[in-house]
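Report on one structure; see the data block that follows.
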Amino acid sequence: MKLKVLASYLDSEVPLSFQESYDNSGLQIGIADTEITSALITLDVTEGVIDEAIKEKCNIVVSHHPLIFGGVKNISDATQVGRTIYKCIKHDIAVYSAHTNLDIFKNGVSRKMAEKLGLKDIKVLSPLENRLMKLVTYIPVSHLDKVRNAVFEAGAGVIGNYDKCGFVTDGTGSFRGNESANPYAGNKGEMHHENESRFETIMFSYLKEKVIGALLSSHPYEEVAYDLYELENKYYGSGLGCTGEFSEPLGEEELLKQIASVFKAKGLRFSKLTGNKIKKVALCGGSGVSLLPVAIASGADVFITADIKYHNFFDADNKILLVDAGHFETEKYSSEILKDLIKKKFPKFAVRFSETNTNPINYL
Ligand SMILES: [Zn+2]
């Protein structure tokens with residue numbers, strides 16, 4: 001298939017607009033019309049991974065961590081990133097990354113961690129905020145179903161496990177077209193009253209263009225009246241981190257052994273043991289320690305994340321067991337998410353996991 005087909009699928013499935021402002025997710029390297037034949041999935045894009053892609057004849061590398069993240073000042077052999085970019089271009093290998101949007105995605109990195117630990121009742125730890133909009137529009141009663149369906153088809157009206165959510169009230173609209181108008185009903189120059197339904201629904205802000213496009217193309221009026229409101233509602237279906245529960249509480253030492261085994265973590269670091277049994281778990285793959293107050297407020301007995309600094313461990317303050325299981329270790333299962341996403345849409349497309357160990361950290 002063409003590179004642009006896979007890239008635009010991933011862009012919309014793991015919405016690019018979910019990414020944090022500092023991030024650089026999406027297509028990193030590649031020409032949209034290039035034919036791609038097989039993908040190599042990895043956490044990090046290193047020279048070693050590109051060597052593996054060349055050897056395995058994979059012409060796209062899909063990663064969680066973007067290859068191009070900070071400002072790239074030159075593409076030369078002076079830096080690891082420069083050498084890797086150079087090698088990709090020289091061997092016609094595309095690179096696509098889904099980073100913080102995959103963290104926030106409903107089936108993202110932290111949910112995968114929770115599943116690997118065998119947790120039940122998994123919920124988002126820090127739900128998305130300020131990403132929702134309300135649409136209100138006025139539709140002649142005869143066209144309500146047509147317009148409403150078009151708006152729902154474009155992705156509006158989803159709340160948690162429900163779709164096609166909306167509200168309708170009936171009333172009377174009025175309009176008068178001038179000499180240049182071509183009114184749907186009534187005559188030019190005369191005020192007309194029409195039985196209309198006021199239809200309102202909710203949507204992600206990133207769907208605005210698509211939903212308004214569907215509204216305008218399905219609505220019979222020459223000029224469509226609509227209002228858009230930014231909402232402060234949280235969206236509980238997606239966000240950073242997760243909570244979940246063990247069916248049977250376990251001791252702290254047993255939990256630490258389980259974390260080490262599930263994530264193959266060789267160097268667990270953790271705060272003072274609290275002496276409590278562990279039932280509720282909060283976790284966030286990668287650098288998630290900024291969520292420690294949210295994890296404590298959630299009532300979790302333990303918070304598992306990575307990149308925890310010395311002083312952060314004091315902040316656990318005997319209220320929670322704080323565990324650093326390693327950045328690579330907590331995020332490596334992101335490869336499974338990326339593979340499943342690609343296979344769901346393109347079951348015949350060849351996808352393989354990289355066998356190159358990209359963890360830059362070693363343990364004694
Ligand atoms: Zn990461």
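Following the order of the structure tokens, chains are lettered A, B, ..., residues in each are numbered from 1, and ligands are numbered from 1.
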### Task
Check the DSSP output for the backbone and give back, as a PyMOL selection string, the residues of stretch 183-327 of chain A in helix (DSSP H, G or I).
chain A and resi 205-218+252-262+289-297+310-315+327
### Query
Would you name the residues within 10 Å of ligand 1, counting only C-alpha atoms and all ligand atoms, and put them as a count of residues only?
23
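With only C-alpha atoms as the atoms that count, the minimum distance from A:Asn318 to the choices A:Lys57, A:Lys134, A:Lys120, A:Lys272 is reached by A:Lys272.
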If we count only C-alpha atoms and set the cut-off at 12 Å, which residues sit around A:His311, ignoring sequence neighbours fewer than 6 positions away in its own chain? Please answer as a short mmCIF file (atom, residue, chain, number, x, y, z; two decimals) with C-alpha atoms, in the first residue's frame.
```cif
data_model
loop_
_atom_site.label_atom_id
_atom_site.label_comp_id
_atom_site.auth_asym_id
_atom_site.auth_seq_id
_atom_site.Cartn_x
_atom_site.Cartn_y
_atom_site.Cartn_z
CA SER A 271 9.98 4.36 47.97
CA VAL A 289 5.77 11.12 38.03
CA ASP A 317 5.35 10.38 51.93
CA LEU A 322 6.10 4.70 44.40
#
```
Close residues, stretch 238-243 of chain A itself excluded, 7 Å, only C-alpha atoms, min 2 positions apart in chain, as a short mmCIF file (atom, residue, chain, number, x, y, z; two decimals) with C-alpha atoms, in the first residue's frame:
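Output (around-v3.cif):
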```
data_model
loop_
_atom_site.label_atom_id
_atom_site.label_comp_id
_atom_site.auth_asym_id
_atom_site.auth_seq_id
_atom_site.Cartn_x
_atom_site.Cartn_y
_atom_site.Cartn_z
CA ASP A 103 -0.06 7.60 25.72
CA ILE A 104 -3.41 9.41 25.78
CA PHE A 105 -5.19 7.00 23.40
CA LYS A 106 -7.93 4.95 25.08
CA SER A 110 -0.71 2.61 30.32
CA ARG A 111 -3.77 0.44 29.64
CA ILE A 122 -9.16 -0.37 34.32
CA LYS A 123 -9.92 3.37 34.20
CA VAL A 124 -8.10 6.48 32.99
CA LEU A 125 -6.08 8.11 35.80
CA SER A 126 -6.03 11.68 34.44
CA PRO A 127 -8.83 12.18 31.88
CA LEU A 128 -8.48 14.59 28.98
CA TYR A 235 -13.35 13.08 28.70
CA TYR A 236 -13.06 9.94 30.78
CA VAL A 281 -2.79 0.24 41.28
CA ALA A 282 -2.10 3.51 39.46
CA LEU A 283 0.40 3.46 36.63
CA CYS A 284 1.74 5.54 33.79
#
```
### Query
Can you list every residue in stretch 94-130 of chain A that DSSP puts in strand (DSSP E), as a ChimeraX atom specification?
/A:94-97,120-129
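Compared by their closest atoms to A:Arg176, and using only C-alpha atoms, the residues A:Arg269, A:Lys87, A:His219, A:His193 rank with A:His193 nearest.
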### Task
Counting only C-alpha atoms, figure out which residue out of A:Asp11, A:Glu200, A:Glu20, A:Glu223 gets nearest to A:Pro183.
A:Glu223
Show which residues sit within 6 Å of A:Leu3, as a PDB file with all heavy atoms, in the first residue's frame. Count only C-alpha atoms, and ignore same-chain residues fewer than 2 positions away.
```pdb
ATOM      1  N   VAL A   5      -1.499   5.968   2.994  1.00  0.00           N
ATOM      2  CA  VAL A   5      -2.690   5.237   3.458  1.00  0.00           C
ATOM      3  C   VAL A   5      -2.489   4.801   4.915  1.00  0.00           C
ATOM      4  O   VAL A   5      -3.358   5.004   5.772  1.00  0.00           O
ATOM      5  CB  VAL A   5      -2.967   4.017   2.551  1.00  0.00           C
ATOM      6  CG1 VAL A   5      -4.108   3.173   3.105  1.00  0.00           C
ATOM      7  CG2 VAL A   5      -3.272   4.482   1.135  1.00  0.00           C
ATOM      8  N   LEU A   6      -1.316   4.222   5.192  1.00  0.00           N
ATOM      9  CA  LEU A   6      -1.034   3.783   6.564  1.00  0.00           C
ATOM     10  C   LEU A   6      -0.909   4.990   7.488  1.00  0.00           C
ATOM     11  O   LEU A   6      -1.462   5.000   8.594  1.00  0.00           O
ATOM     12  CB  LEU A   6       0.262   2.956   6.597  1.00  0.00           C
ATOM     13  CG  LEU A   6       0.656   2.451   7.989  1.00  0.00           C
ATOM     14  CD1 LEU A   6      -0.398   1.499   8.552  1.00  0.00           C
ATOM     15  CD2 LEU A   6       2.020   1.760   7.965  1.00  0.00           C
ATOM     16  N   ALA A  32       4.853  10.472   0.582  1.00  0.00           N
ATOM     17  CA  ALA A  32       3.489   9.955   0.741  1.00  0.00           C
ATOM     18  C   ALA A  32       3.117   8.859  -0.264  1.00  0.00           C
ATOM     19  O   ALA A  32       2.434   7.896   0.090  1.00  0.00           O
ATOM     20  CB  ALA A  32       2.501  11.121   0.640  1.00  0.00           C
ATOM     21  N   THR A  34       5.014   6.676  -1.784  1.00  0.00           N
ATOM     22  CA  THR A  34       5.884   5.494  -1.815  1.00  0.00           C
ATOM     23  C   THR A  34       5.084   4.237  -1.480  1.00  0.00           C
ATOM     24  O   THR A  34       4.224   4.264  -0.591  1.00  0.00           O
ATOM     25  CB  THR A  34       7.017   5.630  -0.764  1.00  0.00           C
ATOM     26  OG1 THR A  34       7.652   6.872  -0.954  1.00  0.00           O
ATOM     27  CG2 THR A  34       8.024   4.504  -0.857  1.00  0.00           C
ATOM     28  N   ILE A  36       4.776   0.904   0.411  1.00  0.00           N
ATOM     29  CA  ILE A  36       5.418   0.232   1.533  1.00  0.00           C
ATOM     30  C   ILE A  36       4.974  -1.230   1.526  1.00  0.00           C
ATOM     31  O   ILE A  36       3.846  -1.551   1.163  1.00  0.00           O
ATOM     32  CB  ILE A  36       5.102   0.910   2.883  1.00  0.00           C
ATOM     33  CG1 ILE A  36       3.602   1.169   3.052  1.00  0.00           C
ATOM     34  CG2 ILE A  36       5.872   2.206   3.030  1.00  0.00           C
ATOM     35  CD1 ILE A  36       3.214   1.589   4.442  1.00  0.00           C
TER      36      ILE A  36
END
```
#### Entry: Long-range neighbours of A:His143 as a ChimeraX atom specification, 9 Å cut-off, only C-alpha atoms, 3 positions minimum in chain
/A:139-140,146-148,218-220
Write the residues of the selection above to a file with N, CA and C atoms, as a compact mmCIF listing (two decimals), in the first residue's frame.
```txt
# COMPACT_ATOMS: atom_id res chain seq x y z
N ILE A 139 -32.36 22.55 11.96
CA ILE A 139 -32.58 21.73 10.76
C ILE A 139 -34.08 21.68 10.48
N PRO A 140 -34.52 21.88 9.21
CA PRO A 140 -35.94 21.69 8.96
C PRO A 140 -36.34 20.27 9.37
N LYS A 146 -31.56 12.93 8.25
CA LYS A 146 -30.45 12.93 7.28
C LYS A 146 -29.24 13.69 7.84
N VAL A 147 -29.49 14.90 8.35
CA VAL A 147 -28.38 15.74 8.84
C VAL A 147 -27.78 15.13 10.11
N ARG A 148 -28.64 14.68 11.00
CA ARG A 148 -28.16 14.10 12.26
C ARG A 148 -27.26 12.89 11.98
N SER A 218 -24.89 18.01 4.17
CA SER A 218 -26.14 17.25 4.28
C SER A 218 -27.35 18.17 4.55
N HIS A 219 -27.09 19.40 4.94
CA HIS A 219 -28.17 20.33 5.30
C HIS A 219 -28.75 20.97 4.03
N PRO A 220 -30.08 21.09 3.95
CA PRO A 220 -30.68 21.59 2.70
C PRO A 220 -30.58 23.11 2.52
```
### Task
Using only C-alpha atoms, determine which residues lie at most 9 Å from A:Gly213, disregarding the query and same-chain residues fewer than 4 positions distant; provide the list as a list in words.
Val151, Ala154, Lys208, Glu209, Ser217 and Ser218 of chain A
